[in-house]
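**Student:** If it helps, the file is called my_file-v4.cif and holds mmCIF, C-alpha atoms:
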data_work
#
loop_
_atom_site.label_atom_id
_atom_site.label_comp_id
_atom_site.auth_asym_id
_atom_site.auth_seq_id
_atom_site.Cartn_x
_atom_site.Cartn_y
_atom_site.Cartn_z
CA MET H 1 92.93 113.77 103.45
CA GLU H 2 93.98 111.12 105.92
CA LEU H 3 92.07 112.62 108.81
CA GLY H 4 88.89 113.25 106.89
CA LEU H 5 88.62 109.97 105.02
CA ALA H 6 85.83 107.66 106.13
CA PRO H 7 87.11 104.32 107.48
CA LEU H 8 85.82 102.17 104.63
CA LEU H 9 87.23 98.71 104.02
CA LEU H 10 89.01 98.34 100.72
CA LEU H 11 89.21 95.06 98.85
CA CYS H 12 92.21 94.20 96.72
CA PHE H 13 91.16 92.36 93.56
CA PHE H 14 94.12 90.76 91.77
CA LEU H 15 93.15 90.13 88.15
CA SER H 16 95.13 87.01 87.34
CA ILE H 17 94.72 83.98 85.12
CA SER H 18 92.41 82.33 87.62
CA THR H 19 90.10 85.35 87.73
CA ARG H 20 90.11 85.73 83.96
CA GLN H 21 88.25 82.44 83.92
CA GLN H 22 85.44 84.22 85.76
CA SER H 23 82.62 86.19 84.23
CA THR H 24 83.40 89.86 84.83
CA ASN H 25 79.74 90.45 85.70
CA SER H 26 79.74 87.65 88.27
CA THR H 27 82.88 89.13 89.81
CA THR H 28 81.16 92.50 90.12
CA ILE H 29 78.17 90.85 91.79
CA ARG H 30 80.49 89.10 94.25
CA LEU H 31 82.22 92.37 95.09
CA GLN H 32 78.84 93.93 95.81
CA LYS H 33 77.73 90.99 97.95
CA LEU H 34 80.97 91.31 99.92
CA LYS H 35 80.12 95.02 100.38
CA ALA H 36 83.50 96.07 99.04
CA LYS H 37 83.78 99.85 98.75
CA ARG H 38 86.89 99.98 96.58
CA VAL H 39 88.74 97.53 94.38
CA LYS H 40 92.36 97.57 93.26
CA LEU H 41 93.23 96.13 89.86
CA TYR H 42 96.79 95.25 88.90
CA ASP H 43 96.15 96.50 85.37
CA ALA H 44 93.31 98.30 83.59
CA THR H 45 91.41 95.51 81.86
CA PRO H 46 88.57 97.08 79.83
CA LYS H 47 86.10 94.24 80.49
CA ILE H 48 86.48 94.68 84.24
CA LEU H 49 86.20 98.46 84.04
CA GLU H 50 83.08 98.09 81.92
CA ALA H 51 81.56 95.63 84.40
CA LEU H 52 82.16 98.14 87.21
CA ARG H 53 80.37 100.91 85.31
CA ASN H 54 77.43 102.48 87.20
CA THR H 55 78.29 100.72 90.46
CA ASP H 56 79.24 102.47 93.70
CA ILE H 57 82.62 100.69 93.81
CA GLU H 58 85.62 103.00 93.53
CA VAL H 59 88.41 101.63 91.36
CA CYS H 60 92.20 101.73 91.49
CA ILE H 61 93.94 100.90 88.20
CA MET H 62 97.61 100.36 87.39
CA VAL H 63 100.06 101.13 84.59
CA PRO H 64 102.14 97.97 83.94
CA ASN H 65 105.80 97.97 85.00
CA ASP H 66 107.03 97.34 81.47
CA LEU H 67 105.60 100.64 80.21
CA ILE H 68 107.31 102.90 82.73
CA ASN H 69 110.57 103.45 80.84
CA ASN H 70 108.76 104.42 77.65
CA ILE H 71 106.15 106.60 79.34
CA SER H 72 108.79 108.45 81.34
CA SER H 73 110.12 110.07 78.17
CA ASN H 74 107.01 110.11 75.99
CA GLN H 75 104.07 112.32 76.88
CA THR H 76 102.20 111.17 73.77
CA LEU H 77 102.32 107.57 75.01
CA ALA H 78 101.05 108.63 78.44
CA ASN H 79 98.21 110.58 76.81
CA GLN H 80 97.30 107.58 74.65
CA TRP H 81 97.23 105.22 77.64
CA VAL H 82 94.79 107.50 79.47
CA HIS H 83 92.75 107.90 76.28
CA ASP H 84 92.46 104.11 75.89
CA MET H 85 92.21 102.94 79.50
CA VAL H 86 90.50 105.74 81.40
CA VAL H 87 88.49 108.01 79.12
CA PRO H 88 86.09 105.30 77.76
CA PHE H 89 84.93 104.44 81.29
CA TYR H 90 85.32 107.61 83.36
CA PRO H 91 83.35 108.92 85.23
CA GLN H 92 80.62 106.23 85.01
CA THR H 93 83.21 103.78 86.32
CA LEU H 94 84.47 105.39 89.52
CA ILE H 95 88.18 105.40 88.75
CA ARG H 96 89.76 107.22 91.68
CA PHE H 97 93.39 106.11 91.74
CA LEU H 98 96.01 105.47 89.07
CA LEU H 99 99.11 103.61 90.22
CA VAL H 100 102.24 103.74 88.10
CA GLY H 101 103.88 100.32 88.32
CA ASN H 102 103.95 97.87 91.20
CA GLU H 103 106.80 97.68 93.74
CA ILE H 104 109.21 99.27 91.26
CA LEU H 105 111.71 100.25 93.97
CA SER H 106 112.09 96.72 95.35
CA GLY H 107 115.51 95.08 95.21
CA TRP H 108 114.40 92.34 92.83
CA GLN H 109 113.23 94.81 90.19
CA ASP H 110 115.25 96.18 87.28
CA LYS H 111 117.16 99.09 88.82
CA SER H 112 117.35 100.87 85.47
CA VAL H 113 113.68 101.72 85.92
CA TYR H 114 114.22 103.49 89.28
CA PRO H 115 115.08 106.96 87.88
CA ASN H 116 112.19 106.78 85.40
CA LEU H 117 109.43 106.17 87.95
CA VAL H 118 108.79 109.76 89.05
CA PRO H 119 109.00 111.17 85.49
CA ALA H 120 106.45 108.54 84.41
CA MET H 121 104.16 109.51 87.30
CA ARG H 122 104.37 113.18 86.30
CA LYS H 123 103.53 112.38 82.70
CA MET H 124 100.53 110.27 83.74
CA LYS H 125 99.32 113.13 85.96
CA LEU H 126 99.64 115.55 83.04
CA ALA H 127 97.89 113.07 80.74
CA LEU H 128 94.90 112.96 83.06
CA LYS H 129 94.82 116.76 83.22
CA THR H 130 95.04 116.96 79.42
CA HIS H 131 91.87 114.88 79.21
CA GLY H 132 90.11 117.02 81.79
CA ILE H 133 90.36 114.41 84.53
CA THR H 134 91.32 116.07 87.80
CA LYS H 135 89.86 113.78 90.48
CA VAL H 136 92.07 110.74 89.90
CA LYS H 137 95.07 110.56 92.23
CA VAL H 138 98.40 109.27 90.89
CA GLY H 139 100.77 107.22 93.03
CA THR H 140 102.97 104.12 93.14
CA PRO H 141 103.00 101.24 95.65
CA SER H 142 106.22 100.21 97.39
CA ALA H 143 106.99 97.01 99.27
CA THR H 144 108.44 97.17 102.78
CA ASP H 145 111.86 96.22 101.45
CA VAL H 146 112.36 99.88 100.46
CA LEU H 147 113.12 100.49 104.13
CA ASP H 148 116.63 100.31 105.50
CA SER H 149 116.97 97.39 107.91
CA ILE H 150 118.23 99.73 110.64
CA ALA H 151 114.84 101.46 110.67
CA PHE H 152 112.95 98.35 111.79
CA PRO H 153 111.44 98.05 114.29
CA PRO H 154 110.91 101.66 115.40
CA SER H 155 112.76 102.24 118.65
CA ASN H 156 110.50 104.93 120.00
CA GLY H 157 109.19 103.50 123.24
CA LEU H 158 105.77 102.72 121.79
CA THR H 159 103.96 99.50 122.56
CA TYR H 160 103.03 97.14 119.73
CA HIS H 161 100.73 94.14 119.80
CA ASN H 162 101.26 92.99 116.23
CA LEU H 163 103.81 93.08 113.43
CA PHE H 164 101.47 95.02 111.14
CA GLY H 165 101.56 98.04 113.45
CA GLN H 166 105.35 97.89 113.67
CA MET H 167 105.71 97.77 109.89
CA VAL H 168 103.43 100.75 109.35
CA ASP H 169 105.12 102.85 112.01
CA THR H 170 108.55 101.94 110.63
CA LEU H 171 107.53 103.59 107.38
CA ILE H 172 106.15 106.62 109.21
CA PHE H 173 109.36 107.14 111.17
CA ALA H 174 111.54 106.54 108.11
CA MET H 175 109.67 109.24 106.19
CA LYS H 176 109.94 111.56 109.17
CA LEU H 177 113.72 111.10 109.21
CA LEU H 178 113.77 112.17 105.56
CA GLY H 179 111.79 115.30 106.37
CA TYR H 180 108.30 114.14 105.37
CA PRO H 181 106.43 113.65 108.67
CA ASP H 182 102.84 114.19 107.52
CA ILE H 183 102.44 112.24 104.28
CA PRO H 184 99.21 110.16 104.37
CA ILE H 185 99.72 106.38 104.09
CA TRP H 186 97.60 103.82 102.30
CA ILE H 187 98.27 100.10 102.67
CA ALA H 188 98.35 98.73 99.11
CA GLU H 189 97.82 95.14 100.22
CA THR H 190 97.76 93.05 103.37
CA GLY H 191 96.67 89.48 103.88
CA TRP H 192 97.50 85.95 105.02
CA PRO H 193 97.61 82.70 103.03
CA SER H 194 95.12 79.95 103.83
CA THR H 195 97.51 77.13 102.95
CA GLY H 196 101.13 76.64 101.96
CA ASP H 197 103.92 74.16 101.34
CA TYR H 198 105.10 71.81 104.10
CA ASP H 199 107.92 74.18 105.06
CA GLN H 200 105.77 77.35 105.12
CA ILE H 201 104.94 77.44 108.81
CA GLY H 202 101.69 79.13 109.83
CA ALA H 203 100.07 79.25 106.41
CA ASN H 204 96.68 77.79 107.22
CA LEU H 205 92.96 78.48 107.12
CA GLN H 206 92.68 79.43 110.79
CA HIS H 207 95.46 82.00 110.67
CA ALA H 208 94.20 83.50 107.40
CA ALA H 209 90.65 83.93 108.65
CA THR H 210 91.75 85.20 112.06
CA TYR H 211 94.18 87.75 110.62
CA LYS H 212 91.77 89.17 108.05
CA ARG H 213 88.82 89.27 110.43
CA ASN H 214 90.86 91.06 113.07
CA VAL H 215 92.52 93.52 110.70
CA ILE H 216 89.12 94.34 109.17
CA LYS H 217 87.79 95.19 112.62
CA LYS H 218 90.79 97.52 113.10
CA PHE H 219 90.21 99.20 109.74
CA THR H 220 86.48 99.70 110.29
CA ALA H 221 86.61 100.74 113.96
CA LYS H 222 84.71 103.91 114.88
CA PRO H 223 86.31 106.08 116.02
CA PRO H 224 89.42 105.10 114.05
CA VAL H 225 92.12 103.23 115.98
CA GLY H 226 95.11 104.29 113.89
CA LYS H 227 98.60 103.12 114.84
CA PRO H 228 100.85 104.03 117.80
CA ALA H 229 102.69 106.66 115.75
CA ARG H 230 99.41 108.13 114.48
CA PRO H 231 96.68 107.22 116.96
CA GLY H 232 93.12 107.88 115.87
CA VAL H 233 94.09 108.43 112.24
CA VAL H 234 92.34 106.45 109.51
CA LEU H 235 94.60 103.96 107.72
CA PRO H 236 92.92 103.05 104.40
CA SER H 237 93.99 99.55 103.40
CA PHE H 238 93.42 96.97 100.69
CA ILE H 239 92.81 93.34 101.65
CA PHE H 240 94.76 90.91 99.46
CA ALA H 241 93.07 89.26 97.61
CA LEU H 242 89.65 88.58 96.14
CA TYR H 243 90.34 85.18 94.53
CA ASN H 244 92.73 82.34 95.17
CA GLU H 245 94.93 82.24 92.06
CA ASN H 246 94.97 78.58 91.13
CA THR H 247 97.33 78.99 88.16
CA LYS H 248 99.83 81.43 89.66
CA PRO H 249 103.41 80.09 89.72
CA GLY H 250 105.63 79.90 92.78
CA GLN H 251 105.09 78.53 96.27
CA THR H 252 101.66 77.34 97.37
CA THR H 253 101.12 80.42 99.52
CA GLU H 254 101.27 82.59 96.39
CA ARG H 255 98.05 80.96 95.16
CA ASN H 256 96.10 81.06 98.40
CA PHE H 257 95.60 84.61 99.67
CA GLY H 258 92.04 84.88 98.36
CA LEU H 259 88.72 85.30 100.12
CA LEU H 260 87.06 83.27 97.36
CA TRP H 261 87.88 80.19 95.34
CA PRO H 262 87.97 80.69 91.55
CA ASN H 263 84.41 79.29 91.40
CA GLY H 264 83.20 82.06 93.71
CA LEU H 265 82.76 79.99 96.87
CA HIS H 266 84.14 81.40 100.12
CA VAL H 267 87.46 80.03 101.34
CA TYR H 268 86.24 80.95 104.83
CA GLU H 269 83.54 83.19 106.22
CA ILE H 270 84.34 86.89 106.21
CA ASP H 271 82.46 90.11 106.94
CA LEU H 272 84.00 93.22 105.37
CA THR H 273 81.92 95.47 107.62
CA GLY H 274 83.72 94.08 110.68
CA LYS H 275 80.41 93.80 112.55
CA THR H 276 80.05 90.02 112.83
CA PRO H 277 81.25 88.67 116.22
CA GLU H 278 83.79 85.87 116.03
CA SER H 279 81.32 83.56 117.80
CA GLU H 280 78.92 83.77 114.85
CA PHE H 281 81.40 82.40 112.32
CA LYS H 282 81.56 78.64 111.75
CA ALA H 283 84.35 76.86 113.61
CA LEU H 284 87.62 76.67 111.67
CA PRO H 285 89.65 73.44 111.40
CA PRO H 286 92.51 73.11 113.91
CA THR H 287 96.01 73.97 112.73
CA ASN H 288 98.74 71.38 112.44
CA ASP H 289 101.58 73.37 110.91
CA ASN H 290 102.66 75.77 113.63
CA LYS H 291 105.98 74.09 114.13
CA ALA H 292 108.89 73.32 111.86
CA TYR H 293 108.49 70.38 109.50
CA LEU H 294 110.65 67.53 110.80
CA GLY H 295 110.31 65.05 107.97
CA PRO H 296 112.54 64.56 104.94
CA ILE H 297 112.54 67.39 102.43
CA TRP H 298 113.92 65.48 99.46
CA CYS H 299 113.09 62.06 98.10
CA VAL H 300 115.73 59.57 99.21
CA VAL H 301 116.65 56.54 97.15
CA LYS H 302 116.46 53.25 99.07
CA GLU H 303 119.70 51.38 99.69
CA VAL H 304 118.31 48.40 97.83
CA LEU H 305 116.87 49.48 94.51
CA THR H 306 115.79 47.39 91.58
CA ILE H 307 116.17 49.17 88.25
CA LEU H 308 113.75 47.88 85.64
#
Before anything else, please render the file you have as structure tokens.

**Tutor:**
Amino acid sequence: MELGLAPLLLLCFFLSISTRQQSTNSTTIRLQKLKAKRVKLYDATPKILEALRNTDIEVCIMVPNDLINNISSNQTLANQWVHDMVVPFYPQTLIRFLLVGNEILSGWQDKSVYPNLVPAMRKMKLALKTHGITKVKVGTPSATDVLDSIAFPPSNGLTYHNLFGQMVDTLIFAMKLLGYPDIPIWIAETGWPSTGDYDQIGANLQHAATYKRNVIKKFTAKPPVGKPARPGVVLPSFIFALYNENTKPGQTTERNFGLLWPNGLHVYEIDLTGKTPESEFKALPPTNDNKAYLGPIWCVVKEVLTIL
């Protein structure tokens, strides 16, 4: 599958509070204007799946983390989920991938779910088959923290020009050590924030645009570039994300990975085909946060203070 897959760019669409404020139809139109070939949802929202009906956009949907424990021991629940979330839209909506949970095996997750992940995946696979759906692949995304620290970076004499390549090859070599040398890899999400907090060095518009433009050119190169451990092999990847998430909690970077603002305007120019030369994009503002912040981090009370 990995060798024969066309090098199409995949767009990761995070359906969050900010995107729920959008018309689902307008979001579909924006995806089409961006020439996105696939879209990854972090749930299976019916309105979005309906809006994607009769388009040529392939869709990746996700079973929420909080359902995994129950589904792992309940085939009826798995069957019902597929009946409610897949059957009403398939095949007119091109659902091609069903992910069970998101980053379940990461250290910050509830470890009691770990042993239930694979059983839940098997039940979802059987649920699809029960409904006569055989062309939807089942999987689960893992963050890079599933790797042992001793496996990074790969000490194999290969030459790397970026951290992305090192991270991918680390996973390849780790799987090889476990006896699985040929498993195809998909990148569930990759991106760069366009702004951040004062102590988040390098989170700026220039770096975000440069990273995504360059990685898109790698993904869409013909013939495929691959990575040092698998040269010439297609590496299907999702770009994170479609929208900036203006209401997402956490650090500022968490809200600023998008290609678009919540109102649909571009955060910066982007071409998902990878064909536009860098010289044809508008100039980006200069960066001013590529060094450590030297100012005070906390508010300091003046020595002389008048209390009213």

**Student:** Given the file above and the PyMOL selection byres ((chain H and resi 136) around 6), which residues are selected, and can you give them as an mmCIF file with C-alpha atoms, keeping the file's coordinate frame?

**Tutor:**
data_model
loop_
_atom_site.group_PDB
_atom_site.id
_atom_site.type_symbol
_atom_site.label_atom_id
_atom_site.label_comp_id
_atom_site.auth_asym_id
_atom_site.auth_seq_id
_atom_site.Cartn_x
_atom_site.Cartn_y
_atom_site.Cartn_z
ATOM 1 C CA ARG H 96 89.760 107.220 91.680
ATOM 2 C CA PHE H 97 93.390 106.110 91.740
ATOM 3 C CA THR H 134 91.320 116.070 87.800
ATOM 4 C CA LYS H 135 89.860 113.780 90.480
ATOM 5 C CA LYS H 137 95.070 110.560 92.230
#

**Student:** Going by the chain IDs and residue numbers used in this file, which residues fall under the PyMOL selection byres ((chain H and resi 73-79) around 6)? Write them as a PyMOL selection string.

**Tutor:** chain H and resi 70-72+80-82+123-124+127

**Student:** Which residues match the PyMOL selection byres ((chain H and resi 25) around 12) in the file above, as an MDAnalysis selection string?

**Tutor:** chainID H and resid 19:24 26:32 47:53 55

**Student:** Can you tell me, as a PyMOL selection string, which residues sit within 10 Å of (96.8, 74.8, 109.4) in the file's frame, using all atoms listed in the file?

**Tutor:** chain H and resi 194-196+201-208+284-290

**Student:** Within 8 Å of segment 213-227 of chain H, counting only C-alpha atoms, which residues show up once you throw out same-chain ones fewer than 4 positions away? Write them as a list in words, please.

**Tutor:** Pro7, Leu8, Leu9, Gly165, Val168, Asp169, Ala209, Pro231, Gly232, Val233, Val234, Leu235, Pro236, Ser237, Ile270, Asp271, Leu272, Thr273, Gly274 and Lys275 of chain H

**Student:** Grab the residues selected above and save them as a JSON list (two decimals), in the frame of the given file with C-alpha atoms.

**Tutor:**
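Output (part.json):
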[["chain", "number", "residue", "atom", "x", "y", "z"],
["H", 7, "PRO", "CA", 87.11, 104.32, 107.48],
["H", 8, "LEU", "CA", 85.82, 102.17, 104.63],
["H", 9, "LEU", "CA", 87.23, 98.71, 104.02],
["H", 165, "GLY", "CA", 101.56, 98.04, 113.45],
["H", 168, "VAL", "CA", 103.43, 100.75, 109.35],
["H", 169, "ASP", "CA", 105.12, 102.85, 112.01],
["H", 209, "ALA", "CA", 90.65, 83.93, 108.65],
["H", 231, "PRO", "CA", 96.68, 107.22, 116.96],
["H", 232, "GLY", "CA", 93.12, 107.88, 115.87],
["H", 233, "VAL", "CA", 94.09, 108.43, 112.24],
["H", 234, "VAL", "CA", 92.34, 106.45, 109.51],
["H", 235, "LEU", "CA", 94.60, 103.96, 107.72],
["H", 236, "PRO", "CA", 92.92, 103.05, 104.40],
["H", 237, "SER", "CA", 93.99, 99.55, 103.40],
["H", 270, "ILE", "CA", 84.34, 86.89, 106.21],
["H", 271, "ASP", "CA", 82.46, 90.11, 106.94],
["H", 272, "LEU", "CA", 84.00, 93.22, 105.37],
["H", 273, "THR", "CA", 81.92, 95.47, 107.62],
["H", 274, "GLY", "CA", 83.72, 94.08, 110.68],
["H", 275, "LYS", "CA", 80.41, 93.80, 112.55]]

**Student:** What would segment 207-218 of chain H look like with all heavy atoms restored, written as a CSV table (one decimal), in the coordinates of the input?

**Tutor:**
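In the end it all went to rebuild25.csv:
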chain,number,residue,atom,x,y,z
H,207,HIS,N,94.7,80.8,110.6
H,207,HIS,CA,95.5,82.0,110.7
H,207,HIS,C,95.0,83.0,109.7
H,207,HIS,O,94.9,84.2,110.0
H,207,HIS,CB,96.9,81.7,110.5
H,207,HIS,CG,97.6,81.0,111.6
H,207,HIS,ND1,98.9,80.6,111.6
H,207,HIS,CD2,97.1,80.7,112.8
H,207,HIS,CE1,99.2,80.0,112.7
H,207,HIS,NE2,98.1,80.1,113.5
H,208,ALA,N,94.7,82.6,108.4
H,208,ALA,CA,94.2,83.5,107.4
H,208,ALA,C,92.9,84.2,107.8
H,208,ALA,O,92.8,85.4,107.7
H,208,ALA,CB,94.0,82.8,106.1
H,209,ALA,N,91.9,83.4,108.3
H,209,ALA,CA,90.6,83.9,108.6
H,209,ALA,C,90.8,84.8,109.9
H,209,ALA,O,90.2,85.9,109.9
H,209,ALA,CB,89.7,82.8,108.9
H,210,THR,N,91.6,84.4,110.8
H,210,THR,CA,91.8,85.2,112.1
H,210,THR,C,92.4,86.5,111.8
H,210,THR,O,92.0,87.6,112.2
H,210,THR,CB,92.6,84.4,113.1
H,210,THR,OG1,91.9,83.2,113.4
H,210,THR,CG2,92.8,85.2,114.4
H,211,TYR,N,93.5,86.5,110.9
H,211,TYR,CA,94.2,87.8,110.6
H,211,TYR,C,93.3,88.7,109.9
H,211,TYR,O,93.1,89.9,110.3
H,211,TYR,CB,95.4,87.5,109.8
H,211,TYR,CG,96.1,88.8,109.3
H,211,TYR,CD1,96.9,89.5,110.2
H,211,TYR,CD2,95.9,89.3,108.1
H,211,TYR,CE1,97.5,90.7,109.9
H,211,TYR,CE2,96.5,90.5,107.7
H,211,TYR,CZ,97.3,91.2,108.6
H,211,TYR,OH,97.9,92.4,108.3
H,212,LYS,N,92.6,88.2,108.8
H,212,LYS,CA,91.8,89.2,108.0
H,212,LYS,C,90.6,89.7,108.8
H,212,LYS,O,90.2,90.8,108.7
H,212,LYS,CB,91.4,88.5,106.7
H,212,LYS,CG,92.5,88.3,105.8
H,212,LYS,CD,92.2,87.7,104.5
H,212,LYS,CE,93.4,87.5,103.6
H,212,LYS,NZ,93.1,86.8,102.4
H,213,ARG,N,90.0,88.8,109.6
H,213,ARG,CA,88.8,89.3,110.4
H,213,ARG,C,89.3,90.3,111.4
H,213,ARG,O,88.6,91.3,111.6
H,213,ARG,CB,88.2,88.1,111.2
H,213,ARG,CG,87.4,87.1,110.3
H,213,ARG,CD,87.1,85.8,111.0
H,213,ARG,NE,86.4,84.8,110.1
H,213,ARG,CZ,86.1,83.6,110.5
H,213,ARG,NH1,86.4,83.2,111.7
H,213,ARG,NH2,85.6,82.8,109.7
H,214,ASN,N,90.4,90.1,112.1
H,214,ASN,CA,90.9,91.1,113.1
H,214,ASN,C,91.3,92.4,112.4
H,214,ASN,O,91.0,93.5,113.0
H,214,ASN,CB,92.0,90.5,113.9
H,214,ASN,CG,91.5,89.4,114.9
H,214,ASN,OD1,90.3,89.3,115.2
H,214,ASN,ND2,92.4,88.6,115.3
H,215,VAL,N,92.0,92.3,111.3
H,215,VAL,CA,92.5,93.5,110.7
H,215,VAL,C,91.3,94.3,110.1
H,215,VAL,O,91.4,95.6,110.1
H,215,VAL,CB,93.6,93.2,109.6
H,215,VAL,CG1,93.0,92.8,108.3
H,215,VAL,CG2,94.5,94.4,109.4
H,216,ILE,N,90.3,93.6,109.6
H,216,ILE,CA,89.1,94.3,109.2
H,216,ILE,C,88.5,95.1,110.3
H,216,ILE,O,88.0,96.2,110.1
H,216,ILE,CB,88.1,93.3,108.5
H,216,ILE,CG1,88.7,92.9,107.2
H,216,ILE,CG2,86.7,93.9,108.4
H,216,ILE,CD1,87.9,91.7,106.6
H,217,LYS,N,88.4,94.5,111.5
H,217,LYS,CA,87.8,95.2,112.6
H,217,LYS,C,88.6,96.4,113.0
H,217,LYS,O,88.1,97.5,113.4
H,217,LYS,CB,87.7,94.2,113.8
H,217,LYS,CG,86.6,93.2,113.6
H,217,LYS,CD,86.6,92.2,114.8
H,217,LYS,CE,85.6,91.1,114.6
H,217,LYS,NZ,85.5,90.1,115.7
H,218,LYS,N,89.9,96.4,112.8
H,218,LYS,CA,90.8,97.5,113.1
H,218,LYS,C,90.5,98.6,112.1
H,218,LYS,O,90.4,99.8,112.4
H,218,LYS,CB,92.3,97.1,113.0
H,218,LYS,CG,92.7,96.2,114.2
H,218,LYS,CD,92.9,97.0,115.4
H,218,LYS,CE,93.6,96.1,116.5
H,218,LYS,NZ,93.8,96.9,117.8
